[in-house]
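Raw contents of start.cif, mmCIF, C-alpha atoms:
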data_work
#
loop_
_atom_site.group_PDB
_atom_site.id
_atom_site.type_symbol
_atom_site.label_atom_id
_atom_site.label_comp_id
_atom_site.auth_asym_id
_atom_site.auth_seq_id
_atom_site.Cartn_x
_atom_site.Cartn_y
_atom_site.Cartn_z
ATOM 1 C CA MET A 1 28.037 272.346 -102.849
ATOM 2 C CA ASP A 2 30.668 272.777 -100.125
ATOM 3 C CA SER A 3 29.891 274.331 -96.723
ATOM 4 C CA THR A 4 31.404 277.708 -97.600
ATOM 5 C CA ALA A 5 29.139 278.064 -100.650
ATOM 6 C CA ILE A 6 26.166 277.145 -98.446
ATOM 7 C CA ILE A 7 27.157 279.895 -95.955
ATOM 8 C CA GLY A 8 27.466 282.391 -98.821
ATOM 9 C CA ASN A 9 24.071 281.458 -100.265
ATOM 10 C CA ILE A 10 22.327 281.715 -96.873
ATOM 11 C CA ALA A 11 24.059 285.074 -96.238
ATOM 12 C CA ALA A 12 22.884 286.361 -99.647
ATOM 13 C CA LEU A 13 19.339 285.079 -99.039
ATOM 14 C CA LEU A 14 19.153 286.752 -95.589
ATOM 15 C CA THR A 15 20.567 290.142 -96.637
ATOM 16 C CA THR A 16 18.335 290.185 -99.741
ATOM 17 C CA THR A 17 15.050 289.135 -98.115
ATOM 18 C CA SER A 18 15.684 291.291 -95.043
ATOM 19 C CA PHE A 19 14.309 294.317 -96.923
ATOM 20 C CA LEU A 20 10.933 292.576 -97.424
ATOM 21 C CA PRO A 21 9.646 293.153 -93.841
ATOM 22 C CA GLN A 22 10.761 296.813 -94.020
ATOM 23 C CA ALA A 23 8.997 297.297 -97.364
ATOM 24 C CA ILE A 24 5.806 295.702 -95.962
ATOM 25 C CA LYS A 25 5.951 297.871 -92.799
ATOM 26 C CA THR A 26 6.502 301.033 -94.868
ATOM 27 C CA ILE A 27 3.655 300.185 -97.279
ATOM 28 C CA ARG A 28 1.329 299.414 -94.353
ATOM 29 C CA THR A 29 2.179 302.347 -92.068
ATOM 30 C CA ARG A 30 3.325 304.958 -94.650
ATOM 31 C CA ASN A 31 5.535 306.063 -91.731
ATOM 32 C CA THR A 32 9.083 306.820 -92.882
ATOM 33 C CA ALA A 33 9.938 309.301 -90.103
ATOM 34 C CA SER A 34 12.779 307.310 -88.567
ATOM 35 C CA LEU A 35 14.141 306.017 -91.874
ATOM 36 C CA SER A 36 17.243 307.762 -93.233
ATOM 37 C CA PHE A 37 16.785 309.209 -96.730
ATOM 38 C CA PRO A 38 20.565 309.420 -97.409
ATOM 39 C CA MET A 39 20.868 305.735 -96.398
ATOM 40 C CA TYR A 40 18.329 304.540 -98.949
ATOM 41 C CA LEU A 41 19.726 306.862 -101.635
ATOM 42 C CA LEU A 42 23.267 305.501 -101.121
ATOM 43 C CA PHE A 43 22.013 301.929 -100.731
ATOM 44 C CA VAL A 44 19.846 301.944 -103.899
ATOM 45 C CA THR A 45 22.760 303.448 -105.862
ATOM 46 C CA GLY A 46 25.119 300.786 -104.500
ATOM 47 C CA VAL A 47 22.724 297.921 -105.239
ATOM 48 C CA THR A 48 22.235 299.262 -108.778
ATOM 49 C CA LEU A 49 26.015 299.168 -109.284
ATOM 50 C CA TRP A 50 26.118 295.584 -107.910
ATOM 51 C CA LEU A 51 23.458 294.723 -110.538
ATOM 52 C CA VAL A 52 25.634 296.250 -113.299
ATOM 53 C CA TYR A 53 28.632 294.339 -111.867
ATOM 54 C CA GLY A 54 26.654 291.073 -111.931
ATOM 55 C CA VAL A 55 25.459 291.621 -115.525
ATOM 56 C CA ILE A 56 28.975 292.429 -116.780
ATOM 57 C CA ASN A 57 30.378 289.328 -115.047
ATOM 58 C CA GLU A 58 27.332 287.206 -115.968
ATOM 59 C CA GLN A 59 26.959 286.089 -112.326
ATOM 60 C CA MET A 60 23.322 285.071 -111.848
ATOM 61 C CA PRO A 61 23.343 285.003 -107.963
ATOM 62 C CA ILE A 62 24.577 288.627 -107.881
ATOM 63 C CA ILE A 63 22.049 289.642 -110.546
ATOM 64 C CA VAL A 64 19.055 287.949 -108.903
ATOM 65 C CA GLY A 65 19.939 288.959 -105.322
ATOM 66 C CA ASN A 66 20.552 292.604 -106.126
ATOM 67 C CA PHE A 67 17.522 292.869 -108.427
ATOM 68 C CA VAL A 68 15.237 291.704 -105.589
ATOM 69 C CA THR A 69 16.948 294.057 -103.112
ATOM 70 C CA LEU A 70 16.711 296.930 -105.605
ATOM 71 C CA VAL A 71 12.946 296.437 -106.024
ATOM 72 C CA LEU A 72 12.359 296.288 -102.219
ATOM 73 C CA ALA A 73 14.690 299.173 -101.302
ATOM 74 C CA GLY A 74 13.319 301.121 -104.273
ATOM 75 C CA ILE A 75 9.763 300.781 -102.918
ATOM 76 C CA ILE A 76 10.919 302.101 -99.520
ATOM 77 C CA LEU A 77 12.801 304.997 -101.143
ATOM 78 C CA GLY A 78 9.708 305.753 -103.268
ATOM 79 C CA PHE A 79 7.544 306.129 -100.155
ATOM 80 C CA MET A 80 10.172 308.386 -98.588
ATOM 81 C CA VAL A 81 10.207 310.648 -101.682
ATOM 82 C CA LYS A 82 6.385 310.662 -101.727
ATOM 83 C CA GLY A 83 6.363 311.568 -98.021
ATOM 84 C CA GLN A 84 8.776 314.463 -98.610
ATOM 85 C CA LEU A 85 6.726 315.771 -101.563
ATOM 86 C CA THR A 86 3.379 315.659 -99.747
ATOM 87 C CA LYS A 87 5.004 317.556 -96.824
ATOM 88 C CA LYS A 88 5.975 320.366 -99.231
ATOM 89 C CA LEU A 89 2.494 320.718 -100.827
ATOM 90 C CA MET B 1 42.330 297.734 -111.797
ATOM 91 C CA ASP B 2 39.818 297.168 -114.610
ATOM 92 C CA SER B 3 36.495 299.040 -114.826
ATOM 93 C CA THR B 4 34.429 296.094 -113.538
ATOM 94 C CA ALA B 5 36.530 295.905 -110.351
ATOM 95 C CA ILE B 6 36.101 299.658 -109.906
ATOM 96 C CA ILE B 7 32.304 299.269 -110.226
ATOM 97 C CA GLY B 8 32.373 296.448 -107.653
ATOM 98 C CA ASN B 9 34.472 298.471 -105.204
ATOM 99 C CA ILE B 10 32.221 301.541 -105.503
ATOM 100 C CA ALA B 11 29.131 299.327 -105.085
ATOM 101 C CA ALA B 12 30.640 297.763 -101.931
ATOM 102 C CA LEU B 13 31.618 301.189 -100.557
ATOM 103 C CA LEU B 14 28.106 302.598 -101.132
ATOM 104 C CA THR B 15 26.158 299.660 -99.682
ATOM 105 C CA THR B 16 28.513 299.510 -96.674
ATOM 106 C CA THR B 17 28.608 303.214 -95.822
ATOM 107 C CA SER B 18 24.881 303.642 -96.502
ATOM 108 C CA PHE B 19 24.132 302.396 -92.970
ATOM 109 C CA LEU B 20 26.169 305.255 -91.442
ATOM 110 C CA PRO B 21 23.505 307.982 -91.960
ATOM 111 C CA GLN B 22 20.827 305.635 -90.560
ATOM 112 C CA ALA B 23 22.961 304.841 -87.501
ATOM 113 C CA ILE B 24 23.588 308.570 -86.920
ATOM 114 C CA LYS B 25 19.872 309.409 -87.303
ATOM 115 C CA THR B 26 18.878 306.590 -84.910
ATOM 116 C CA ILE B 27 21.499 307.628 -82.314
ATOM 117 C CA ARG B 28 20.379 311.283 -82.561
ATOM 118 C CA THR B 29 16.601 310.802 -82.580
ATOM 119 C CA ARG B 30 16.300 307.485 -80.652
ATOM 120 C CA ASN B 31 13.226 307.094 -82.897
ATOM 121 C CA THR B 32 12.999 303.575 -84.323
ATOM 122 C CA ALA B 33 9.218 303.541 -84.826
ATOM 123 C CA SER B 34 9.256 303.117 -88.607
ATOM 124 C CA LEU B 35 12.234 300.774 -88.670
ATOM 125 C CA SER B 36 11.478 297.072 -89.136
ATOM 126 C CA PHE B 37 12.841 294.877 -86.326
ATOM 127 C CA PRO B 38 12.648 291.651 -88.435
ATOM 128 C CA MET B 39 14.612 293.446 -91.213
ATOM 129 C CA TYR B 40 17.522 294.321 -88.947
ATOM 130 C CA LEU B 41 17.486 290.889 -87.298
ATOM 131 C CA LEU B 42 17.662 289.135 -90.692
ATOM 132 C CA PHE B 43 20.170 291.658 -92.044
ATOM 133 C CA VAL B 44 22.561 291.455 -89.068
ATOM 134 C CA THR B 45 22.415 287.642 -89.241
ATOM 135 C CA GLY B 46 23.124 287.726 -92.982
ATOM 136 C CA VAL B 47 26.017 290.178 -92.629
ATOM 137 C CA THR B 48 27.492 288.012 -89.862
ATOM 138 C CA LEU B 49 27.407 285.017 -92.216
ATOM 139 C CA TRP B 50 29.075 287.122 -94.959
ATOM 140 C CA LEU B 51 31.813 287.917 -92.405
ATOM 141 C CA VAL B 52 32.287 284.184 -91.678
ATOM 142 C CA TYR B 53 32.332 283.561 -95.467
ATOM 143 C CA GLY B 54 34.999 286.237 -95.950
ATOM 144 C CA VAL B 55 37.184 284.875 -93.108
ATOM 145 C CA ILE B 56 36.977 281.289 -94.427
ATOM 146 C CA ASN B 57 37.873 282.453 -97.960
ATOM 147 C CA GLU B 58 40.431 285.001 -96.644
ATOM 148 C CA GLN B 59 38.841 287.753 -98.770
ATOM 149 C CA MET B 60 39.738 291.061 -97.126
ATOM 150 C CA PRO B 61 37.170 293.269 -99.015
ATOM 151 C CA ILE B 62 34.311 291.001 -97.862
ATOM 152 C CA ILE B 63 35.701 290.931 -94.286
ATOM 153 C CA VAL B 64 36.210 294.699 -94.018
ATOM 154 C CA GLY B 65 32.954 295.676 -95.771
ATOM 155 C CA ASN B 66 30.770 293.349 -93.748
ATOM 156 C CA PHE B 67 32.520 294.152 -90.450
ATOM 157 C CA VAL B 68 31.751 297.868 -90.918
ATOM 158 C CA THR B 69 28.151 297.093 -91.932
ATOM 159 C CA LEU B 70 27.758 294.732 -88.966
ATOM 160 C CA VAL B 71 28.895 297.429 -86.509
ATOM 161 C CA LEU B 72 26.527 300.051 -88.010
ATOM 162 C CA ALA B 73 23.507 297.742 -88.399
ATOM 163 C CA GLY B 74 24.269 296.317 -84.952
ATOM 164 C CA ILE B 75 24.066 299.793 -83.394
ATOM 165 C CA ILE B 76 20.670 300.347 -85.062
ATOM 166 C CA LEU B 77 19.414 296.924 -83.918
ATOM 167 C CA GLY B 78 20.703 297.675 -80.398
ATOM 168 C CA PHE B 79 18.615 300.866 -80.212
ATOM 169 C CA MET B 80 15.582 298.955 -81.464
ATOM 170 C CA VAL B 81 16.016 296.295 -78.732
ATOM 171 C CA LYS B 82 16.526 299.044 -76.115
ATOM 172 C CA GLY B 83 13.382 300.799 -77.361
ATOM 173 C CA GLN B 84 11.365 297.572 -77.078
ATOM 174 C CA LEU B 85 12.669 296.888 -73.549
ATOM 175 C CA THR B 86 11.972 300.378 -72.223
ATOM 176 C CA LYS B 87 8.423 300.108 -73.628
ATOM 177 C CA LYS B 88 7.876 296.939 -71.550
ATOM 178 C CA LEU B 89 9.156 298.423 -68.260
#
Taking this structure as input, can you express it in the form of structure tokens?
Amino acid sequence: MDSTAIIGNIAALLTTTSFLPQAIKTIRTRNTASLSFPMYLLFVTGVTLWLVYGVINEQMPIIVGNFVTLVLAGIILGFMVKGQLTKKL
Amino acid sequence: MDSTAIIGNIAALLTTTSFLPQAIKTIRTRNTASLSFPMYLLFVTGVTLWLVYGVINEQMPIIVGNFVTLVLAGIILGFMVKGQLTKKL
């Protein structure tokens, strides 16, 4: 594996796993006040399209990376939706 | 441009611009309480590596997309660092 591929793999690993600490913090604190709802809506939509792109092109790194990110960002978005709903009740 | 490329471009546009509403919210509210510092540290590092990857491979979409994301995520990280520092003073 040449050095550029190594840089790409580390970059993918970092940007994918970076959502894990945010998901853990959100699950633990249930505090989503300073999180942007439009951000996570756009981001989850974008990551879903990357997943479709990866499946069509049969590119495993894109499929695996974006699936993990989708699960993590989806959890965060879920707590934001839940927070909005409980506010309205 | 075939449909797969269109899906990829829309995915890149969404995941890149998604950080704009978060940057605006953070600038306006200065509230970073529910944001995860480790997330933004990992994410900014990862996006920086994607930028290096794009420059080495001379791939403009990767360079432009990750440069925009780096600026936006960097602003958010900057406010988080500022928030931490002012707490300590």
Please, which residues in chain A fall within 10 Å of chain B when counting all atoms listed in the file, and what is the closest atom pair and distance in Å to one decimal for each, ordered by chain then residue number, as JSON lines?
{"residue": "A:Ser3", "atom": "CA", "partner": "B:Tyr53", "partner_atom": "CA", "distance": 9.6}
{"residue": "A:Thr4", "atom": "CA", "partner": "B:Tyr53", "partner_atom": "CA", "distance": 6.3}
{"residue": "A:Ala5", "atom": "CA", "partner": "B:Tyr53", "partner_atom": "CA", "distance": 8.2}
{"residue": "A:Ile6", "atom": "CA", "partner": "B:Tyr53", "partner_atom": "CA", "distance": 9.4}
{"residue": "A:Ile7", "atom": "CA", "partner": "B:Leu49", "partner_atom": "CA", "distance": 6.3}
{"residue": "A:Gly8", "atom": "CA", "partner": "B:Tyr53", "partner_atom": "CA", "distance": 6.0}
{"residue": "A:Asn9", "atom": "CA", "partner": "B:Trp50", "partner_atom": "CA", "distance": 9.2}
{"residue": "A:Ile10", "atom": "CA", "partner": "B:Gly46", "partner_atom": "CA", "distance": 7.2}
{"residue": "A:Ala11", "atom": "CA", "partner": "B:Gly46", "partner_atom": "CA", "distance": 4.3}
{"residue": "A:Ala12", "atom": "CA", "partner": "B:Gly46", "partner_atom": "CA", "distance": 6.8}
{"residue": "A:Leu13", "atom": "CA", "partner": "B:Gly46", "partner_atom": "CA", "distance": 7.6}
{"residue": "A:Leu14", "atom": "CA", "partner": "B:Gly46", "partner_atom": "CA", "distance": 4.8}
{"residue": "A:Thr15", "atom": "CA", "partner": "B:Phe43", "partner_atom": "CA", "distance": 4.9}
{"residue": "A:Thr16", "atom": "CA", "partner": "B:Phe43", "partner_atom": "CA", "distance": 8.0}
{"residue": "A:Thr17", "atom": "CA", "partner": "B:Leu42", "partner_atom": "CA", "distance": 7.9}
{"residue": "A:Ser18", "atom": "CA", "partner": "B:Met39", "partner_atom": "CA", "distance": 4.5}
{"residue": "A:Phe19", "atom": "CA", "partner": "B:Met39", "partner_atom": "CA", "distance": 5.8}
{"residue": "A:Leu20", "atom": "CA", "partner": "B:Met39", "partner_atom": "CA", "distance": 7.3}
{"residue": "A:Pro21", "atom": "CA", "partner": "B:Met39", "partner_atom": "CA", "distance": 5.6}
{"residue": "A:Gln22", "atom": "CA", "partner": "B:Ser36", "partner_atom": "CA", "distance": 4.9}
{"residue": "A:Ala23", "atom": "CA", "partner": "B:Ser36", "partner_atom": "CA", "distance": 8.6}
{"residue": "A:Ile24", "atom": "CA", "partner": "B:Ser36", "partner_atom": "CA", "distance": 9.0}
{"residue": "A:Lys25", "atom": "CA", "partner": "B:Ser36", "partner_atom": "CA", "distance": 6.7}
{"residue": "A:Thr26", "atom": "CA", "partner": "B:Ser34", "partner_atom": "CA", "distance": 7.2}
{"residue": "A:Thr29", "atom": "CA", "partner": "B:Ser34", "partner_atom": "CA", "distance": 7.9}
{"residue": "A:Arg30", "atom": "CA", "partner": "B:Ser34", "partner_atom": "CA", "distance": 8.7}
{"residue": "A:Asn31", "atom": "CA", "partner": "B:Ser34", "partner_atom": "CA", "distance": 5.7}
{"residue": "A:Thr32", "atom": "CA", "partner": "B:Ser34", "partner_atom": "CA", "distance": 5.7}
{"residue": "A:Ala33", "atom": "CA", "partner": "B:Ser34", "partner_atom": "CA", "distance": 6.4}
{"residue": "A:Ser34", "atom": "CA", "partner": "B:Ser34", "partner_atom": "CA", "distance": 5.5}
{"residue": "A:Leu35", "atom": "CA", "partner": "B:Leu35", "partner_atom": "CA", "distance": 6.4}
{"residue": "A:Ser36", "atom": "CA", "partner": "B:Gln22", "partner_atom": "CA", "distance": 5.0}
{"residue": "A:Phe37", "atom": "CA", "partner": "B:Gln22", "partner_atom": "CA", "distance": 8.2}
{"residue": "A:Pro38", "atom": "CA", "partner": "B:Pro21", "partner_atom": "CA", "distance": 6.4}
{"residue": "A:Met39", "atom": "CA", "partner": "B:Ser18", "partner_atom": "CA", "distance": 4.5}
{"residue": "A:Tyr40", "atom": "CA", "partner": "B:Ser18", "partner_atom": "CA", "distance": 7.1}
{"residue": "A:Leu41", "atom": "CA", "partner": "B:Ser18", "partner_atom": "CA", "distance": 8.0}
{"residue": "A:Leu42", "atom": "CA", "partner": "B:Ser18", "partner_atom": "CA", "distance": 5.2}
{"residue": "A:Phe43", "atom": "CA", "partner": "B:Thr15", "partner_atom": "CA", "distance": 4.8}
{"residue": "A:Val44", "atom": "CA", "partner": "B:Thr15", "partner_atom": "CA", "distance": 7.9}
{"residue": "A:Thr45", "atom": "CA", "partner": "B:Leu14", "partner_atom": "CA", "distance": 7.2}
{"residue": "A:Gly46", "atom": "CA", "partner": "B:Ala11", "partner_atom": "CA", "distance": 4.3}
{"residue": "A:Val47", "atom": "CA", "partner": "B:Ala11", "partner_atom": "CA", "distance": 6.6}
{"residue": "A:Thr48", "atom": "CA", "partner": "B:Ala11", "partner_atom": "CA", "distance": 7.8}
{"residue": "A:Leu49", "atom": "CA", "partner": "B:Ala11", "partner_atom": "CA", "distance": 5.2}
{"residue": "A:Trp50", "atom": "CA", "partner": "B:Ala11", "partner_atom": "CA", "distance": 5.6}
{"residue": "A:Leu51", "atom": "CA", "partner": "B:Ala11", "partner_atom": "CA", "distance": 9.1}
{"residue": "A:Val52", "atom": "CA", "partner": "B:Ile7", "partner_atom": "CA", "distance": 7.9}
{"residue": "A:Tyr53", "atom": "CA", "partner": "B:Gly8", "partner_atom": "CA", "distance": 6.0}
{"residue": "A:Gly54", "atom": "CA", "partner": "B:Gly8", "partner_atom": "CA", "distance": 8.9}
{"residue": "A:Ile56", "atom": "CA", "partner": "B:Thr4", "partner_atom": "CA", "distance": 7.3}
{"residue": "A:Asn57", "atom": "CA", "partner": "B:Thr4", "partner_atom": "CA", "distance": 8.0}
Any chance you could fit chain A onto chain B with least squares, all Cα atoms in order, and share the moved copy as a PDB file with C-alpha atoms, keeping the file's coordinate frame?
ATOM      1  CA  MET A   1      42.309 297.700-111.777  1.00  0.00           C
ATOM      2  CA  ASP A   2      39.815 297.152-114.607  1.00  0.00           C
ATOM      3  CA  SER A   3      36.493 299.025-114.831  1.00  0.00           C
ATOM      4  CA  THR A   4      34.433 296.106-113.529  1.00  0.00           C
ATOM      5  CA  ALA A   5      36.526 295.894-110.346  1.00  0.00           C
ATOM      6  CA  ILE A   6      36.095 299.658-109.912  1.00  0.00           C
ATOM      7  CA  ILE A   7      32.288 299.262-110.218  1.00  0.00           C
ATOM      8  CA  GLY A   8      32.366 296.444-107.652  1.00  0.00           C
ATOM      9  CA  ASN A   9      34.460 298.464-105.200  1.00  0.00           C
ATOM     10  CA  ILE A  10      32.214 301.543-105.498  1.00  0.00           C
ATOM     11  CA  ALA A  11      29.118 299.324-105.075  1.00  0.00           C
ATOM     12  CA  ALA A  12      30.635 297.752-101.931  1.00  0.00           C
ATOM     13  CA  LEU A  13      31.619 301.175-100.554  1.00  0.00           C
ATOM     14  CA  LEU A  14      28.101 302.598-101.132  1.00  0.00           C
ATOM     15  CA  THR A  15      26.159 299.650 -99.674  1.00  0.00           C
ATOM     16  CA  THR A  16      28.512 299.506 -96.664  1.00  0.00           C
ATOM     17  CA  THR A  17      28.607 303.223 -95.817  1.00  0.00           C
ATOM     18  CA  SER A  18      24.886 303.647 -96.496  1.00  0.00           C
ATOM     19  CA  PHE A  19      24.133 302.400 -92.966  1.00  0.00           C
ATOM     20  CA  LEU A  20      26.177 305.256 -91.432  1.00  0.00           C
ATOM     21  CA  PRO A  21      23.509 307.984 -91.950  1.00  0.00           C
ATOM     22  CA  GLN A  22      20.824 305.637 -90.552  1.00  0.00           C
ATOM     23  CA  ALA A  23      22.957 304.845 -87.494  1.00  0.00           C
ATOM     24  CA  ILE A  24      23.587 308.581 -86.912  1.00  0.00           C
ATOM     25  CA  LYS A  25      19.859 309.407 -87.296  1.00  0.00           C
ATOM     26  CA  THR A  26      18.884 306.600 -84.898  1.00  0.00           C
ATOM     27  CA  ILE A  27      21.497 307.644 -82.306  1.00  0.00           C
ATOM     28  CA  ARG A  28      20.388 311.286 -82.569  1.00  0.00           C
ATOM     29  CA  THR A  29      16.604 310.805 -82.580  1.00  0.00           C
ATOM     30  CA  ARG A  30      16.298 307.493 -80.648  1.00  0.00           C
ATOM     31  CA  ASN A  31      13.239 307.097 -82.908  1.00  0.00           C
ATOM     32  CA  THR A  32      13.002 303.572 -84.323  1.00  0.00           C
ATOM     33  CA  ALA A  33       9.213 303.543 -84.827  1.00  0.00           C
ATOM     34  CA  SER A  34       9.254 303.124 -88.598  1.00  0.00           C
ATOM     35  CA  LEU A  35      12.246 300.778 -88.667  1.00  0.00           C
ATOM     36  CA  SER A  36      11.490 297.072 -89.125  1.00  0.00           C
ATOM     37  CA  PHE A  37      12.856 294.867 -86.332  1.00  0.00           C
ATOM     38  CA  PRO A  38      12.668 291.653 -88.437  1.00  0.00           C
ATOM     39  CA  MET A  39      14.625 293.448 -91.201  1.00  0.00           C
ATOM     40  CA  TYR A  40      17.545 294.326 -88.945  1.00  0.00           C
ATOM     41  CA  LEU A  41      17.486 290.886 -87.296  1.00  0.00           C
ATOM     42  CA  LEU A  42      17.667 289.135 -90.695  1.00  0.00           C
ATOM     43  CA  PHE A  43      20.164 291.667 -92.050  1.00  0.00           C
ATOM     44  CA  VAL A  44      22.572 291.452 -89.069  1.00  0.00           C
ATOM     45  CA  THR A  45      22.422 287.637 -89.248  1.00  0.00           C
ATOM     46  CA  GLY A  46      23.131 287.734 -92.989  1.00  0.00           C
ATOM     47  CA  VAL A  47      26.024 290.183 -92.637  1.00  0.00           C
ATOM     48  CA  THR A  48      27.499 288.018 -89.862  1.00  0.00           C
ATOM     49  CA  LEU A  49      27.416 285.022 -92.222  1.00  0.00           C
ATOM     50  CA  TRP A  50      29.081 287.127 -94.967  1.00  0.00           C
ATOM     51  CA  LEU A  51      31.826 287.918 -92.405  1.00  0.00           C
ATOM     52  CA  VAL A  52      32.294 284.181 -91.693  1.00  0.00           C
ATOM     53  CA  TYR A  53      32.326 283.558 -95.475  1.00  0.00           C
ATOM     54  CA  GLY A  54      35.001 286.241 -95.952  1.00  0.00           C
ATOM     55  CA  VAL A  55      37.182 284.870 -93.122  1.00  0.00           C
ATOM     56  CA  ILE A  56      36.983 281.289 -94.438  1.00  0.00           C
ATOM     57  CA  ASN A  57      37.885 282.462 -97.959  1.00  0.00           C
ATOM     58  CA  GLU A  58      40.446 284.991 -96.662  1.00  0.00           C
ATOM     59  CA  GLN A  59      38.851 287.752 -98.779  1.00  0.00           C
ATOM     60  CA  MET A  60      39.742 291.065 -97.129  1.00  0.00           C
ATOM     61  CA  PRO A  61      37.169 293.266 -99.036  1.00  0.00           C
ATOM     62  CA  ILE A  62      34.319 290.993 -97.864  1.00  0.00           C
ATOM     63  CA  ILE A  63      35.708 290.931 -94.316  1.00  0.00           C
ATOM     64  CA  VAL A  64      36.221 294.698 -94.036  1.00  0.00           C
ATOM     65  CA  GLY A  65      32.957 295.677 -95.772  1.00  0.00           C
ATOM     66  CA  ASN A  66      30.770 293.348 -93.747  1.00  0.00           C
ATOM     67  CA  PHE A  67      32.524 294.150 -90.457  1.00  0.00           C
ATOM     68  CA  VAL A  68      31.755 297.868 -90.928  1.00  0.00           C
ATOM     69  CA  THR A  69      28.151 297.097 -91.937  1.00  0.00           C
ATOM     70  CA  LEU A  70      27.775 294.737 -88.968  1.00  0.00           C
ATOM     71  CA  VAL A  71      28.907 297.432 -86.508  1.00  0.00           C
ATOM     72  CA  LEU A  72      26.526 300.061 -88.012  1.00  0.00           C
ATOM     73  CA  ALA A  73      23.507 297.751 -88.395  1.00  0.00           C
ATOM     74  CA  GLY A  74      24.273 296.310 -84.954  1.00  0.00           C
ATOM     75  CA  ILE A  75      24.070 299.792 -83.396  1.00  0.00           C
ATOM     76  CA  ILE A  76      20.669 300.348 -85.053  1.00  0.00           C
ATOM     77  CA  LEU A  77      19.413 296.929 -83.914  1.00  0.00           C
ATOM     78  CA  GLY A  78      20.699 297.684 -80.389  1.00  0.00           C
ATOM     79  CA  PHE A  79      18.609 300.864 -80.204  1.00  0.00           C
ATOM     80  CA  MET A  80      15.569 298.951 -81.451  1.00  0.00           C
ATOM     81  CA  VAL A  81      16.007 296.295 -78.723  1.00  0.00           C
ATOM     82  CA  LYS A  82      16.525 299.043 -76.117  1.00  0.00           C
ATOM     83  CA  GLY A  83      13.371 300.791 -77.360  1.00  0.00           C
ATOM     84  CA  GLN A  84      11.349 297.569 -77.074  1.00  0.00           C
ATOM     85  CA  LEU A  85      12.657 296.883 -73.545  1.00  0.00           C
ATOM     86  CA  THR A  86      11.950 300.383 -72.219  1.00  0.00           C
ATOM     87  CA  LYS A  87       8.388 300.105 -73.640  1.00  0.00           C
ATOM     88  CA  LYS A  88       7.843 296.940 -71.561  1.00  0.00           C
ATOM     89  CA  LEU A  89       9.117 298.434 -68.255  1.00  0.00           C
TER      90      LEU A  89
END
(request) Using the chain letters and numbers from the file, give me the residues hit by the PyMOL selection byres ((chain B and resi 79) around 9), as a list in words. (result) Thr26, Ile27, Arg30, Asn31, Thr32, Gly74, Ile75, Ile76, Leu77, Gly78, Met80, Val81, Lys82, Gly83 and Gln84 of chain B
(message) Between atom CA of A:Gln59 and atom CA of B:Asp2, what distance in Å does the model show, to one decimal?
(response) 17.1 Å
Padding 5 Å on each side, edges along x, y and z: where is the centre of the box around the listed atoms of stretch 11-28 of chain B, and how long are its edges in Å to one decimal? Output it as JSON.
{"center_x": 25.2, "center_y": 304.5, "center_z": -93.7, "size_x": 22.7, "size_y": 23.5, "size_z": 32.8}
Give me stretch 76-88 of chain A with N, CA and C atoms filled in, as a short mmCIF file (atom, residue, chain, number, x, y, z; two decimals), keeping the file's coordinate frame.
data_model
loop_
_atom_site.label_atom_id
_atom_site.label_comp_id
_atom_site.auth_asym_id
_atom_site.auth_seq_id
_atom_site.Cartn_x
_atom_site.Cartn_y
_atom_site.Cartn_z
N ILE A 76 10.77 301.32 -100.76
CA ILE A 76 10.92 302.10 -99.52
C ILE A 76 11.35 303.53 -99.86
N LEU A 77 12.32 303.67 -100.74
CA LEU A 77 12.80 305.00 -101.14
C LEU A 77 11.67 305.79 -101.80
N GLY A 78 10.84 305.09 -102.60
CA GLY A 78 9.71 305.75 -103.27
C GLY A 78 8.76 306.36 -102.26
N PHE A 79 8.46 305.60 -101.19
CA PHE A 79 7.54 306.13 -100.16
C PHE A 79 8.19 307.31 -99.42
N MET A 80 9.51 307.27 -99.28
CA MET A 80 10.17 308.39 -98.59
C MET A 80 10.09 309.65 -99.44
N VAL A 81 10.29 309.49 -100.76
CA VAL A 81 10.21 310.65 -101.68
C VAL A 81 8.78 311.19 -101.67
N LYS A 82 7.80 310.27 -101.73
CA LYS A 82 6.38 310.66 -101.73
C LYS A 82 6.07 311.44 -100.44
N GLY A 83 6.60 310.92 -99.31
CA GLY A 83 6.36 311.57 -98.02
C GLY A 83 6.93 312.97 -97.99
N GLN A 84 8.13 313.14 -98.57
CA GLN A 84 8.78 314.46 -98.61
C GLN A 84 7.95 315.42 -99.48
N LEU A 85 7.46 314.91 -100.62
CA LEU A 85 6.73 315.77 -101.56
C LEU A 85 5.41 316.23 -100.95
N THR A 86 4.68 315.27 -100.31
CA THR A 86 3.38 315.66 -99.75
C THR A 86 3.57 316.66 -98.61
N LYS A 87 4.72 316.58 -97.90
CA LYS A 87 5.00 317.56 -96.82
C LYS A 87 5.08 318.95 -97.44
N LYS A 88 5.70 319.04 -98.65
CA LYS A 88 5.98 320.37 -99.23
C LYS A 88 4.72 320.97 -99.85
#
